[in-house]
Every structure is written in C-alpha cells, then in structure tokens.
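Structure file data-v7.cif with mmCIF, C-alpha atoms:
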```
data_entry
loop_
_atom_site.label_atom_id
_atom_site.label_comp_id
_atom_site.auth_asym_id
_atom_site.auth_seq_id
_atom_site.Cartn_x
_atom_site.Cartn_y
_atom_site.Cartn_z
CA MET A 1 22.53 -44.40 -86.25
CA PRO A 2 20.52 -47.16 -84.53
CA ARG A 3 18.58 -46.28 -81.44
CA THR A 4 16.08 -47.87 -79.13
CA LYS A 5 12.71 -48.38 -80.76
CA ARG A 6 10.28 -45.67 -79.71
CA ALA A 7 7.11 -46.59 -77.83
CA PRO A 8 3.88 -46.06 -79.80
CA SER A 9 2.79 -42.44 -79.40
CA ALA A 10 -0.49 -41.15 -77.99
CA ALA A 11 -0.81 -39.31 -81.31
CA ARG A 12 -1.01 -42.67 -83.09
CA LYS A 13 -3.97 -43.74 -80.98
CA LEU A 14 -5.71 -40.37 -81.33
CA PHE A 15 -5.26 -40.35 -85.09
CA GLY A 16 -6.71 -43.84 -85.36
CA GLN A 17 -9.72 -42.99 -83.21
CA ARG A 18 -10.43 -39.78 -85.08
CA LEU A 19 -10.01 -41.51 -88.44
CA ARG A 20 -12.51 -44.20 -87.50
CA ALA A 21 -15.01 -41.67 -86.11
CA GLU A 22 -14.87 -39.51 -89.23
CA ARG A 23 -15.11 -42.52 -91.51
CA HIS A 24 -18.18 -43.75 -89.67
CA ALA A 25 -19.71 -40.27 -89.68
CA ARG A 26 -19.54 -40.43 -93.49
CA GLY A 27 -20.94 -43.95 -93.71
CA LEU A 28 -17.77 -45.17 -95.43
CA THR A 29 -16.24 -48.64 -95.21
CA LEU A 30 -12.55 -49.41 -94.76
CA GLU A 31 -12.59 -50.48 -98.40
CA ASP A 32 -14.08 -47.14 -99.50
CA VAL A 33 -11.43 -45.13 -97.71
CA GLY A 34 -8.61 -47.48 -98.66
CA GLU A 35 -9.52 -47.36 -102.34
CA GLN A 36 -9.80 -43.58 -102.30
CA ALA A 37 -6.45 -43.18 -100.53
CA ASP A 38 -4.73 -46.00 -102.44
CA ILE A 39 -3.98 -47.85 -99.20
CA ALA A 40 -4.85 -51.49 -98.47
CA TRP A 41 -8.04 -51.68 -96.36
CA ASN A 42 -6.42 -53.91 -93.75
CA TYR A 43 -3.63 -51.37 -93.29
CA VAL A 44 -6.30 -48.70 -92.74
CA ALA A 45 -7.86 -50.98 -90.10
CA GLN A 46 -4.51 -51.34 -88.33
CA VAL A 47 -4.03 -47.56 -88.40
CA GLU A 48 -7.47 -47.08 -86.84
CA ARG A 49 -6.42 -49.43 -84.03
CA GLY A 50 -3.20 -47.49 -83.46
CA GLU A 51 -1.06 -50.43 -84.53
CA ARG A 52 0.92 -48.68 -87.26
CA ASN A 53 3.48 -45.90 -87.22
CA ILE A 54 1.87 -44.40 -90.32
CA GLY A 55 3.89 -41.95 -92.43
CA ILE A 56 2.79 -38.38 -93.09
CA ASP A 57 2.12 -39.00 -96.79
CA ASN A 58 -0.37 -41.77 -96.02
CA MET A 59 -1.90 -39.66 -93.24
CA ALA A 60 -2.45 -36.89 -95.79
CA ALA A 61 -3.97 -39.35 -98.28
CA LEU A 62 -6.44 -40.59 -95.64
CA ALA A 63 -7.43 -37.03 -94.70
CA ASP A 64 -7.96 -36.28 -98.39
CA ALA A 65 -10.10 -39.41 -98.75
CA LEU A 66 -12.37 -38.03 -96.01
CA GLY A 67 -12.29 -34.49 -97.42
CA MET A 68 -10.69 -33.18 -94.23
CA GLU A 69 -7.67 -31.19 -93.17
CA LEU A 70 -5.05 -33.48 -91.69
CA ALA A 71 -4.68 -31.29 -88.58
CA LYS A 72 -8.29 -32.02 -87.64
CA LEU A 73 -7.51 -35.73 -87.42
CA LEU A 74 -4.95 -34.90 -84.74
CA LEU A 75 -7.29 -32.88 -82.52
CA PRO A 76 -9.51 -34.64 -79.97
CA LYS A 77 -12.63 -33.02 -81.39
CA GLU A 78 -13.70 -32.18 -84.92
CA GLU A 79 -13.35 -28.43 -84.42
CA PRO A 80 -9.97 -26.89 -83.60
CA ARG A 81 -9.73 -25.86 -79.97
CA LEU A 82 -9.70 -22.15 -79.35
CA HIS A 83 -7.52 -21.92 -76.25
CA MET B 1 0.47 -55.72 -101.68
CA PRO B 2 2.95 -53.52 -103.55
CA ARG B 3 1.72 -50.33 -105.13
CA THR B 4 3.11 -47.33 -106.92
CA LYS B 5 5.16 -45.09 -104.67
CA ARG B 6 3.15 -42.09 -103.55
CA ALA B 7 4.30 -38.58 -104.44
CA PRO B 8 5.51 -36.49 -101.47
CA SER B 9 2.51 -34.82 -99.83
CA ALA B 10 1.90 -31.10 -99.34
CA ALA B 11 1.51 -32.01 -95.65
CA ARG B 12 5.13 -33.09 -95.59
CA LYS B 13 6.29 -29.70 -96.80
CA LEU B 14 3.97 -27.83 -94.44
CA PHE B 15 5.10 -29.87 -91.45
CA GLY B 16 8.74 -29.19 -92.28
CA GLN B 17 8.19 -25.46 -92.67
CA ARG B 18 6.20 -25.19 -89.45
CA LEU B 19 8.75 -27.29 -87.56
CA ARG B 20 11.59 -25.04 -88.67
CA ALA B 21 9.65 -21.85 -87.87
CA GLU B 22 8.75 -23.03 -84.37
CA ARG B 23 12.28 -24.27 -83.72
CA HIS B 24 13.70 -20.90 -84.75
CA ALA B 25 11.09 -19.07 -82.68
CA ARG B 26 12.46 -20.90 -79.64
CA GLY B 27 16.10 -20.26 -80.51
CA LEU B 28 16.79 -24.00 -80.70
CA THR B 29 19.31 -25.76 -82.93
CA LEU B 30 18.71 -28.94 -84.90
CA GLU B 31 20.88 -30.67 -82.33
CA ASP B 32 18.77 -29.34 -79.44
CA VAL B 33 15.55 -30.62 -80.95
CA GLY B 34 17.07 -33.88 -82.16
CA GLU B 35 18.51 -34.65 -78.75
CA GLN B 36 15.24 -33.85 -77.01
CA ALA B 37 13.23 -36.00 -79.44
CA ASP B 38 15.85 -38.77 -79.68
CA ILE B 39 16.15 -38.27 -83.45
CA ALA B 40 19.40 -37.69 -85.36
CA TRP B 41 19.85 -33.97 -86.12
CA ASN B 42 20.43 -34.59 -89.83
CA TYR B 43 17.15 -36.48 -90.04
CA VAL B 44 15.42 -33.50 -88.41
CA ALA B 45 17.03 -31.29 -91.08
CA GLN B 46 15.69 -33.54 -93.83
CA VAL B 47 12.23 -33.44 -92.29
CA GLU B 48 12.35 -29.63 -92.20
CA ARG B 49 13.14 -29.66 -95.93
CA GLY B 50 10.21 -32.01 -96.63
CA GLU B 51 12.53 -34.78 -97.78
CA ARG B 52 11.28 -37.50 -95.42
CA ASN B 53 8.01 -39.36 -95.09
CA ILE B 54 8.23 -39.07 -91.32
CA GLY B 55 6.15 -41.43 -89.17
CA ILE B 56 3.57 -40.23 -86.68
CA ASP B 57 5.58 -41.37 -83.64
CA ASN B 58 8.55 -39.21 -84.66
CA MET B 59 6.20 -36.33 -85.52
CA ALA B 60 4.80 -36.55 -81.99
CA ALA B 61 8.30 -36.66 -80.48
CA LEU B 62 9.27 -33.49 -82.38
CA ALA B 63 6.10 -31.70 -81.27
CA ASP B 64 6.86 -32.74 -77.68
CA ALA B 65 10.41 -31.44 -78.03
CA LEU B 66 8.97 -28.02 -78.94
CA GLY B 67 6.28 -28.21 -76.23
CA MET B 68 3.53 -28.03 -78.86
CA GLU B 69 0.48 -29.95 -79.89
CA LEU B 70 1.19 -31.96 -83.02
CA ALA B 71 -1.92 -30.62 -84.78
CA LYS B 72 -0.47 -27.09 -84.65
CA LEU B 73 2.51 -28.22 -86.72
CA LEU B 74 0.06 -29.21 -89.47
CA LEU B 75 -1.77 -25.88 -89.64
CA PRO B 76 -0.37 -23.05 -91.77
CA LYS B 77 -0.35 -20.64 -88.82
CA GLU B 78 0.43 -21.07 -85.16
CA GLU B 79 -3.18 -20.65 -84.07
CA PRO B 80 -5.90 -23.04 -85.28
CA ARG B 81 -8.09 -21.48 -87.94
CA LEU B 82 -11.60 -20.67 -86.89
CA HIS B 83 -13.46 -21.16 -90.18
#
```
When written as structure tokens, how does the structure in this file appear?
Amino acid sequence: MPRTKRAPSAARKLFGQRLRAERHARGLTLEDVGEQADIAWNYVAQVERGERNIGIDNMAALADALGMELAKLLLPKEEPRLH
Amino acid sequence: MPRTKRAPSAARKLFGQRLRAERHARGLTLEDVGEQADIAWNYVAQVERGERNIGIDNMAALADALGMELAKLLLPKEEPRLH
C-alpha cells in the first residue's frame, strides 16, 4: 500500500554521527570499514552524513566492522545510559 | 556496484523479537502499532518474524510508536547492559 514518504529520522543522523566518531576513534578510513562490511565506501560516507535510510542488515555489518554492538551506535554516547 | 546479497543479520531477528515483546507488554495489536507508526500491519508482522531488512527510519517510527528509545529494541533485555 503506497503511503507518503517518511521524513528522515533523527535516528538516521545519530547513527551516522556515531558511526563516524567510532570509525575515527579507531583510525579507520571509509574504505577500511566499507571493505570489512562489504559495503561501498561512498555509501558508508552517505550513511555517516545521514543521507541514507540504511537497512538493519547493513547497520549490523557496519557495527561488526567496528567490533561494536549495534545498539551502541544508536545511543548518543559510547556507554549505554543508566537511567 | 552490485554485490552478493547479504544473509539476514542476527540483529534483524533480535529487533523483531524485542519489538514483539514490547508490543505485547503494552497490550497493543499489530494494527495499533502499524497505525501509530504509519506502517502496514502485515509489514510489522514480517519485521517481528525477522523477515524484513527494515530501514532505520521505519525502525525509529516503530520505537516511537512504543514510546521507546530505538537502541533498547536492539539490546537483548529491556535495560541496557552495564558491562
């Protein structure tokens, strides 16, 4: 059933920002992460900018490439919040 | 650039299981959640079964429909793990 296209979510922007921060923290390039996750590096760049409605399977592959739990890429900080 | 189709991720299954558990905990039907998130109820059912590579925008809409943070739907338990 067709419906109005959804506006980009805040989650998309957060995921992109966290992905970039964690990639930089590891000294990895877009190419490094893309190769590890089997995703084109320019797609990874678009995800980091919040330009793509990335699917959960690719999100999981990117978290794996960074050696992280996916949930942590959807929290504002690296550590889960306690409240 | 075409590439081999990725196998369904464990994250997909976890997200579906957590979504269903939280929906049930709130006494909501697939139709309730689908209407709130503006997603067809049968698509929500497929997501709960791990059959769909759901995009982050729809994941965020489903979390919103349950009044939850998206990250919590990607952790095995309701509370973030502390280790």
Residues in the PyMOL selection byres ((chain B) within 8 of (chain A)), expressed as a PyMOL selection string:
chain B and resi 1+6-9+11-12+40+53-57+60+70-72+74-75+80-82
Applying the PyMOL selection byres ((chain A and resi 31) around 12) to the file I just gave you, which residues come out? Please list them as a PyMOL selection string.
chain A and resi 23+27-30+32-45+62+65
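Put simply, CA of Lys77 in chain A is 26.5 Å away from CA of Arg20 in chain B.
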Please report the interatomic distance between CA of Glu51 in chain A and CA of Arg18 in chain A in Å with one decimal.
14.2 Å
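You will find CA of Met68 in chain A at 17.5 Å from CA of Lys13 in chain B.
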How big is the axis-aligned box around all listed atoms of range 60-72 of chain A once 6 Å goes on each side, and where's its centre, in Å to one decimal, as JSON?
```
{"center_x": -7.4, "center_y": -35.9, "center_z": -93.2, "size_x": 21.9, "size_y": 21.4, "size_z": 23.1}
```
Assuming the chain letters and numbering stay as they are in my file, what does the PyMOL selection byres ((chain B and resi 48) around 6) actually select? List them as a short mmCIF file (atom, residue, chain, number, x, y, z; two decimals) with C-alpha atoms, in the coordinates of the input.
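Listed below is the output, result_8.cif:
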```cif
data_model
loop_
_atom_site.label_atom_id
_atom_site.label_comp_id
_atom_site.auth_asym_id
_atom_site.auth_seq_id
_atom_site.Cartn_x
_atom_site.Cartn_y
_atom_site.Cartn_z
CA GLY B 16 8.74 -29.19 -92.28
CA GLN B 17 8.19 -25.46 -92.67
CA ARG B 20 11.59 -25.04 -88.67
CA ALA B 45 17.03 -31.29 -91.08
CA GLN B 46 15.69 -33.54 -93.83
CA VAL B 47 12.23 -33.44 -92.29
CA ARG B 49 13.14 -29.66 -95.93
CA GLY B 50 10.21 -32.01 -96.63
#
```
